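Step one of this worksheet: look at the structure below.
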Number of protein chains: 2
Amino acid sequence: MGRRNDHKREDLRTLALAAARRIMAAEGVRGLTARRLAREIGYSPGTLYNMFENLDEVALRVNAGLLDELHGRLAAALASQPDAPAALRAMARAYMDCARAEPGLWNALFEHQLGEGRPLPDWYEGRITRLFRLAEEVLAPLFGPGGEEACHRSARVLWSALQGISSLALARKLDPLAQLPAEVMADDLVDTYLAGLAARRA
Amino acid sequence: MGRRNDHKREDLRTLALAAARRIMAAEGVRGLTARRLAREIGYSPGTLYNMFENLDEVALRVNAGLLDELHGRLAAALASQPDAPAALRAMARAYMDCARAEPGLWNALFEHQLGEGRPLPDWYEGRITRLFRLAEEVLAPLFGPGGEEACHRSARVLWSALQGISSLALARKLDPLAQLPAEVMADDLVDTYLAGLAARRA
DNA sequence: GGGATCAATTGAACAATGTTCATTATCAGA
DNA sequence: TCTGATAATGAACATTGTTCAATTGATCCC
């Protein structure tokens, strides 16, 4: 025991987060235990509490990493699109791809029940608003000047809707018979909603 | 202490479920513990395991009750509407009202992480498919004959989207600044999506 | 080098969890 | 009143998150 300089403080943190992510991907948030995570990185449970406030923070940090990845993938998918509708479709696709790639982690993202009263930490909220900004930027061209409020609203509606689709479809909480692929549903949502926006503009 | 015949078997079950619902409404699923629930109904923890397989079943039964209520409210809201679009709007409103009425319970409905491998029990899946049928019936008039598949898809897309909106808006997982009321978002979704359906038909 | 200081790491401890099951106290019928 | 049957118990077990005094290695200064 005592200090063992096997890892520098910051390396140990990322090591722990990597292990936590591996565990959550394989067994869900349920599988993430203090003792389990400690064993995985070759340290004792107490050590974890020197670098994180509690287990909840660990899960939240892993989720934040996922959000970063999502932001990167979405931004990349948008980059090469000719117009706003194509960009939105690409974004929805990238979203579903992300969700499909690691269902366990993805579920953890939304199943995570934040403690009763207290709010999300700032460093977490920041990543969420950043994603919304992305959606708003894509939608902006579809609204004329003065349409900021409608754009703002549409971004949130579409985002929430995509989240609902990915959440229900992947958790297989939709009806078991006649499972629709999440991608098909996402396409339907984006195409129809955009058609609606265009129709109402005229 | 032995049998006490204070309650008949079935009464005790409903008594326990009522208490469980009260607890979950007030403190979320997190607050529902075996000992707590037992104390609340004046029995011992062990007794719970004579009427339920485990705590998970208790939470699932409470959720099933919520789904029943939702079905009732949706059906009532639909009944008096003149046309399909109005009915859909009413449905979305009723959905959000339900969510708003008891946020704690509602969150529990979707935050509930079902055990890793095994599926939802039949008596639970039944309530879900029943809700989907309702949505499909409302949408059917908007699709001509031969549009069954599109109708089926739209029902699931709209349903998932509503779920996403209620889930994110109520859990305040949307960005904290500029909170949109869930009702506004639901209206936007339904109106725009329906406009899109109409536009694509022509 | 060697002693003093500092801080990282530990592991035992605590309270609380879900779940099981032998034991017990009571009821229902003869 | 006696006799099964059975509802209810609560102690027991393994496991959880979290804390914190104690310990032990590293670091610094002389």
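Going through the structure tokens in order, the chains are called A, B, and so on, while each chain numbers its residues from 1 and the ligands are numbered from 1 in the order shown.
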Pick out the residues sitting within 12 Å of C:DC14, and hand them over as a list of chain:residue names; count only C-alpha atoms (C1' of nucleotides), and ignore anything fewer than 5 positions along from it in its own chain.
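Selected residues are D:DT16, D:DG17, D:DT18, D:DT19, D:DC20.
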Pull N, CA and C atoms (P, O5', C5', C4', C3', O3' and C1' of nucleotides) from the residues just selected and write them as an mmCIF file, in the first residue's frame.
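Contents of out.cif, freshly written:
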```
data_model
loop_
_atom_site.group_PDB
_atom_site.id
_atom_site.type_symbol
_atom_site.label_atom_id
_atom_site.label_comp_id
_atom_site.auth_asym_id
_atom_site.auth_seq_id
_atom_site.Cartn_x
_atom_site.Cartn_y
_atom_site.Cartn_z
ATOM 1 P P DT D 16 -21.170 -6.353 -5.649
ATOM 2 O "O5'" DT D 16 -21.790 -4.989 -5.130
ATOM 3 C "C5'" DT D 16 -23.052 -4.545 -5.646
ATOM 4 C "C4'" DT D 16 -23.583 -3.390 -4.834
ATOM 5 C "C3'" DT D 16 -22.612 -2.242 -4.649
ATOM 6 O "O3'" DT D 16 -22.677 -1.392 -5.768
ATOM 7 C "C1'" DT D 16 -23.776 -2.726 -2.615
ATOM 8 P P DG D 17 -21.453 -0.341 -5.976
ATOM 9 O "O5'" DG D 17 -21.776 0.807 -4.919
ATOM 10 C "C5'" DG D 17 -22.924 1.621 -5.125
ATOM 11 C "C4'" DG D 17 -22.990 2.686 -4.053
ATOM 12 C "C3'" DG D 17 -21.864 3.716 -4.117
ATOM 13 O "O3'" DG D 17 -22.366 4.981 -3.714
ATOM 14 C "C1'" DG D 17 -21.733 2.517 -2.079
ATOM 15 P P DT D 18 -21.439 6.227 -3.880
ATOM 16 O "O5'" DT D 18 -20.730 6.253 -2.459
ATOM 17 C "C5'" DT D 18 -21.547 6.304 -1.287
ATOM 18 C "C4'" DT D 18 -20.686 6.362 -0.054
ATOM 19 C "C3'" DT D 18 -19.450 7.252 -0.178
ATOM 20 O "O3'" DT D 18 -19.516 8.263 0.818
ATOM 21 C "C1'" DT D 18 -18.926 5.164 0.816
ATOM 22 P P DT D 19 -18.373 9.330 0.995
ATOM 23 O "O5'" DT D 19 -17.678 8.805 2.323
ATOM 24 C "C5'" DT D 19 -18.486 8.535 3.454
ATOM 25 C "C4'" DT D 19 -17.618 8.059 4.602
ATOM 26 C "C3'" DT D 19 -16.387 8.938 4.877
ATOM 27 O "O3'" DT D 19 -16.312 9.164 6.279
ATOM 28 C "C1'" DT D 19 -15.734 6.684 4.578
ATOM 29 P P DC D 20 -15.509 10.412 6.853
ATOM 30 O "O5'" DC D 20 -14.310 9.697 7.611
ATOM 31 C "C5'" DC D 20 -14.445 8.338 7.995
ATOM 32 C "C4'" DC D 20 -13.101 7.784 8.413
ATOM 33 C "C3'" DC D 20 -11.951 8.791 8.457
ATOM 34 O "O3'" DC D 20 -11.048 8.397 9.467
ATOM 35 C "C1'" DC D 20 -11.426 7.143 6.912
#
```
May I have a table of the residues of chain D lying at most 8 Å from chain B, giving each one's closest pair of atoms and their distance in Å to one decimal, counting only C-alpha atoms (C1' of nucleotides), ordered by chain and ascending residue number, as CSV?
```
residue,atom,partner,partner_atom,distance
D:DT6,C1',B:Arg3,CA,7.2
D:DA7,C1',B:Arg3,CA,4.0
D:DA8,C1',B:Gly2,CA,4.7
D:DT9,C1',B:Met1,CA,5.7
D:DG10,C1',B:Ser44,CA,7.8
```
Any chance you could export the current selection's N, CA and C atoms (P, O5', C5', C4', C3', O3' and C1' of nucleotides) as a PDB file, in the first residue's frame?
```pdb
ATOM      1  P    DT D   6     -52.172 -25.604   2.226  1.00  0.00           P
ATOM      2  O5'  DT D   6     -51.938 -24.135   2.736  1.00  0.00           O
ATOM      3  C5'  DT D   6     -52.730 -23.578   3.796  1.00  0.00           C
ATOM      4  C4'  DT D   6     -52.105 -22.267   4.260  1.00  0.00           C
ATOM      5  C3'  DT D   6     -50.944 -21.777   3.399  1.00  0.00           C
ATOM      6  O3'  DT D   6     -50.870 -20.378   3.544  1.00  0.00           O
ATOM      7  C1'  DT D   6     -50.172 -22.075   5.528  1.00  0.00           C
ATOM      8  P    DA D   7     -51.238 -19.348   2.327  1.00  0.00           P
ATOM      9  O5'  DA D   7     -51.291 -17.934   3.051  1.00  0.00           O
ATOM     10  C5'  DA D   7     -52.218 -17.720   4.102  1.00  0.00           C
ATOM     11  C4'  DA D   7     -51.571 -16.917   5.203  1.00  0.00           C
ATOM     12  C3'  DA D   7     -50.732 -15.745   4.749  1.00  0.00           C
ATOM     13  O3'  DA D   7     -50.928 -14.703   5.689  1.00  0.00           O
ATOM     14  C1'  DA D   7     -49.391 -17.182   6.047  1.00  0.00           C
ATOM     15  P    DA D   8     -50.515 -13.204   5.427  1.00  0.00           P
ATOM     16  O5'  DA D   8     -49.226 -13.044   6.342  1.00  0.00           O
ATOM     17  C5'  DA D   8     -49.373 -13.138   7.761  1.00  0.00           C
ATOM     18  C4'  DA D   8     -48.016 -13.243   8.398  1.00  0.00           C
ATOM     19  C3'  DA D   8     -46.992 -12.212   7.935  1.00  0.00           C
ATOM     20  O3'  DA D   8     -46.798 -11.281   8.998  1.00  0.00           O
ATOM     21  C1'  DA D   8     -46.052 -14.403   8.168  1.00  0.00           C
ATOM     22  P    DT D   9     -45.632 -10.199   8.921  1.00  0.00           P
ATOM     23  O5'  DT D   9     -44.412 -10.995   9.531  1.00  0.00           O
ATOM     24  C5'  DT D   9     -44.556 -11.545  10.822  1.00  0.00           C
ATOM     25  C4'  DT D   9     -43.359 -12.390  11.135  1.00  0.00           C
ATOM     26  C3'  DT D   9     -42.034 -11.618  11.159  1.00  0.00           C
ATOM     27  O3'  DT D   9     -41.572 -11.592  12.488  1.00  0.00           O
ATOM     28  C1'  DT D   9     -41.822 -13.723  10.077  1.00  0.00           C
ATOM     29  P    DG D  10     -41.050 -10.196  13.095  1.00  0.00           P
ATOM     30  O5'  DG D  10     -39.496 -10.490  13.129  1.00  0.00           O
ATOM     31  C5'  DG D  10     -39.050 -11.697  13.725  1.00  0.00           C
ATOM     32  C4'  DG D  10     -37.758 -12.134  13.081  1.00  0.00           C
ATOM     33  C3'  DG D  10     -36.753 -10.999  12.822  1.00  0.00           C
ATOM     34  O3'  DG D  10     -35.453 -11.507  13.039  1.00  0.00           O
ATOM     35  C1'  DG D  10     -37.118 -12.121  10.851  1.00  0.00           C
TER      36       DG D  10
END
```
Interface list for chain A, partner chain B, 6 Å threshold, only C-alpha atoms, as an mmCIF file with N, CA and C atoms, in the first residue's frame:
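And here is the file that came out, result33.cif:
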```cif
data_model
loop_
_atom_site.group_PDB
_atom_site.id
_atom_site.type_symbol
_atom_site.label_atom_id
_atom_site.label_comp_id
_atom_site.auth_asym_id
_atom_site.auth_seq_id
_atom_site.Cartn_x
_atom_site.Cartn_y
_atom_site.Cartn_z
ATOM 1 N N GLU A 111 -30.752 5.783 -19.535
ATOM 2 C CA GLU A 111 -31.366 5.138 -18.378
ATOM 3 C C GLU A 111 -30.839 5.730 -17.082
ATOM 4 N N THR A 129 -25.858 20.953 -24.705
ATOM 5 C CA THR A 129 -26.189 22.165 -25.447
ATOM 6 C C THR A 129 -25.371 22.240 -26.735
ATOM 7 N N VAL A 157 -37.472 19.520 -30.953
ATOM 8 C CA VAL A 157 -38.475 18.492 -31.250
ATOM 9 C C VAL A 157 -37.828 17.328 -31.990
ATOM 10 N N SER A 160 -35.436 15.352 -29.648
ATOM 11 C CA SER A 160 -36.145 14.509 -28.691
ATOM 12 C C SER A 160 -36.766 13.313 -29.387
ATOM 13 N N ALA A 161 -37.293 13.572 -30.574
ATOM 14 C CA ALA A 161 -37.933 12.489 -31.311
ATOM 15 C C ALA A 161 -36.910 11.413 -31.679
ATOM 16 N N GLN A 163 -34.225 10.759 -30.140
ATOM 17 C CA GLN A 163 -33.881 10.087 -28.893
ATOM 18 C C GLN A 163 -34.945 9.052 -28.532
ATOM 19 N N GLY A 164 -36.198 9.414 -28.703
ATOM 20 C CA GLY A 164 -37.280 8.477 -28.403
ATOM 21 C C GLY A 164 -37.181 7.242 -29.281
ATOM 22 N N ILE A 165 -36.929 7.458 -30.563
ATOM 23 C CA ILE A 165 -36.835 6.332 -31.492
ATOM 24 C C ILE A 165 -35.681 5.423 -31.113
ATOM 25 N N ASP A 175 -43.385 -2.796 -29.624
ATOM 26 C CA ASP A 175 -43.997 -4.128 -29.634
ATOM 27 C C ASP A 175 -43.057 -5.108 -30.322
ATOM 28 N N MET A 185 -37.264 4.146 -39.175
ATOM 29 C CA MET A 185 -38.097 5.078 -38.420
ATOM 30 C C MET A 185 -37.494 6.479 -38.429
ATOM 31 N N THR A 192 -40.658 13.176 -43.224
ATOM 32 C CA THR A 192 -42.023 13.672 -43.085
ATOM 33 C C THR A 192 -42.058 15.009 -42.365
ATOM 34 N N TYR A 193 -41.237 15.138 -41.341
ATOM 35 C CA TYR A 193 -41.223 16.402 -40.605
ATOM 36 C C TYR A 193 -40.744 17.540 -41.506
ATOM 37 N N ALA A 195 -40.925 17.656 -44.765
ATOM 38 C CA ALA A 195 -41.993 17.925 -45.723
ATOM 39 C C ALA A 195 -43.053 18.802 -45.087
ATOM 40 N N GLY A 196 -43.321 18.544 -43.829
ATOM 41 C CA GLY A 196 -44.294 19.357 -43.111
ATOM 42 C C GLY A 196 -43.839 20.798 -42.977
#
```
Could you tell me which of A:Ala38, A:Ala94, A:Ala76, A:Val58 comes closest to chain C if we count only C-alpha atoms (C1' of nucleotides)?
A:Ala38
Near stretch 21-25 of chain A, within 12 Å and counting only C-alpha atoms (C1' of nucleotides), which residues show up once chain neighbours fewer than 4 positions away are dropped, as number ranges by chain?
A: 14-17, 29-34, 36-41, 58-66, 99-109, 112; B: 116
Write out, as a PDB file, in the first residue's frame, the residues just selected, with C-alpha atoms.
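To be explicit, this is the file written out as out34.pdb:
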```
ATOM      1  CA  THR A  14      -8.404   7.840 -17.951  1.00  0.00           C
ATOM      2  CA  LEU A  15      -7.446   4.254 -17.210  1.00  0.00           C
ATOM      3  CA  ALA A  16     -10.385   3.966 -14.843  1.00  0.00           C
ATOM      4  CA  LEU A  17     -12.753   5.598 -17.311  1.00  0.00           C
ATOM      5  CA  VAL A  29     -24.652   0.455 -15.889  1.00  0.00           C
ATOM      6  CA  ARG A  30     -25.811  -2.304 -13.581  1.00  0.00           C
ATOM      7  CA  GLY A  31     -22.481  -4.047 -14.002  1.00  0.00           C
ATOM      8  CA  LEU A  32     -20.473  -1.019 -12.947  1.00  0.00           C
ATOM      9  CA  THR A  33     -19.556  -1.635  -9.317  1.00  0.00           C
ATOM     10  CA  ALA A  34     -16.946   0.122  -7.242  1.00  0.00           C
ATOM     11  CA  ARG A  36     -15.481  -4.465  -9.846  1.00  0.00           C
ATOM     12  CA  LEU A  37     -14.026  -1.366 -11.426  1.00  0.00           C
ATOM     13  CA  ALA A  38     -11.269  -1.246  -8.822  1.00  0.00           C
ATOM     14  CA  ARG A  39     -10.320  -4.845  -9.468  1.00  0.00           C
ATOM     15  CA  GLU A  40     -10.288  -4.204 -13.208  1.00  0.00           C
ATOM     16  CA  ILE A  41      -7.660  -1.476 -12.934  1.00  0.00           C
ATOM     17  CA  VAL A  58     -17.826   7.784 -13.195  1.00  0.00           C
ATOM     18  CA  ALA A  59     -20.891   6.763 -15.174  1.00  0.00           C
ATOM     19  CA  LEU A  60     -21.572  10.379 -16.070  1.00  0.00           C
ATOM     20  CA  ARG A  61     -18.002  10.847 -17.300  1.00  0.00           C
ATOM     21  CA  VAL A  62     -18.303   7.797 -19.507  1.00  0.00           C
ATOM     22  CA  ASN A  63     -21.542   9.186 -20.869  1.00  0.00           C
ATOM     23  CA  ALA A  64     -19.872  12.507 -21.522  1.00  0.00           C
ATOM     24  CA  GLY A  65     -17.262  10.696 -23.565  1.00  0.00           C
ATOM     25  CA  LEU A  66     -20.039   9.116 -25.595  1.00  0.00           C
ATOM     26  CA  ALA A  99     -26.706   4.096 -30.911  1.00  0.00           C
ATOM     27  CA  ARG A 100     -26.488   0.825 -32.781  1.00  0.00           C
ATOM     28  CA  ALA A 101     -22.740   0.578 -32.446  1.00  0.00           C
ATOM     29  CA  GLU A 102     -22.816   0.140 -28.683  1.00  0.00           C
ATOM     30  CA  PRO A 103     -26.337  -0.454 -27.421  1.00  0.00           C
ATOM     31  CA  GLY A 104     -25.225  -1.078 -23.862  1.00  0.00           C
ATOM     32  CA  LEU A 105     -23.474   2.241 -23.555  1.00  0.00           C
ATOM     33  CA  TRP A 106     -26.272   4.003 -25.330  1.00  0.00           C
ATOM     34  CA  ASN A 107     -28.901   2.717 -22.995  1.00  0.00           C
ATOM     35  CA  ALA A 108     -26.781   3.748 -20.074  1.00  0.00           C
ATOM     36  CA  LEU A 109     -26.799   7.264 -21.470  1.00  0.00           C
ATOM     37  CA  HIS A 112     -29.110   6.947 -16.016  1.00  0.00           C
TER      38      HIS A 112
ATOM     39  CA  GLU B 116     -30.003  -7.915 -19.031  1.00  0.00           C
TER      40      GLU B 116
END
```
Please tabulate, as a Markdown table, the residues of chain C that come within 6 Å of chain A, each with its closest pair of atoms and the distance in Å to one decimal, counting only C-alpha atoms (C1' of nucleotides) and ordering rows by chain, then residue number upward.
```
| residue | atom | partner | partner_atom | distance |
| --- | --- | --- | --- | --- |
| C:DA8 | C1' | A:Arg3 | CA | 4.1 |
| C:DT9 | C1' | A:Gly2 | CA | 4.6 |
| C:DT10 | C1' | A:Met1 | CA | 5.5 |
```
How many Å lie between atom CA of B:Met91 and atom CA of A:Phe143, rounded to one decimal?
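Between these atoms lies a distance of 28.1 Å.
Take atom C1' of D:DC30 and atom C1' of C:DA4: the distance between them is 10.4 Å.
Interatomic distance, atom CA of A:Ala87 against atom CA of A:Leu139: 8.9 Å.
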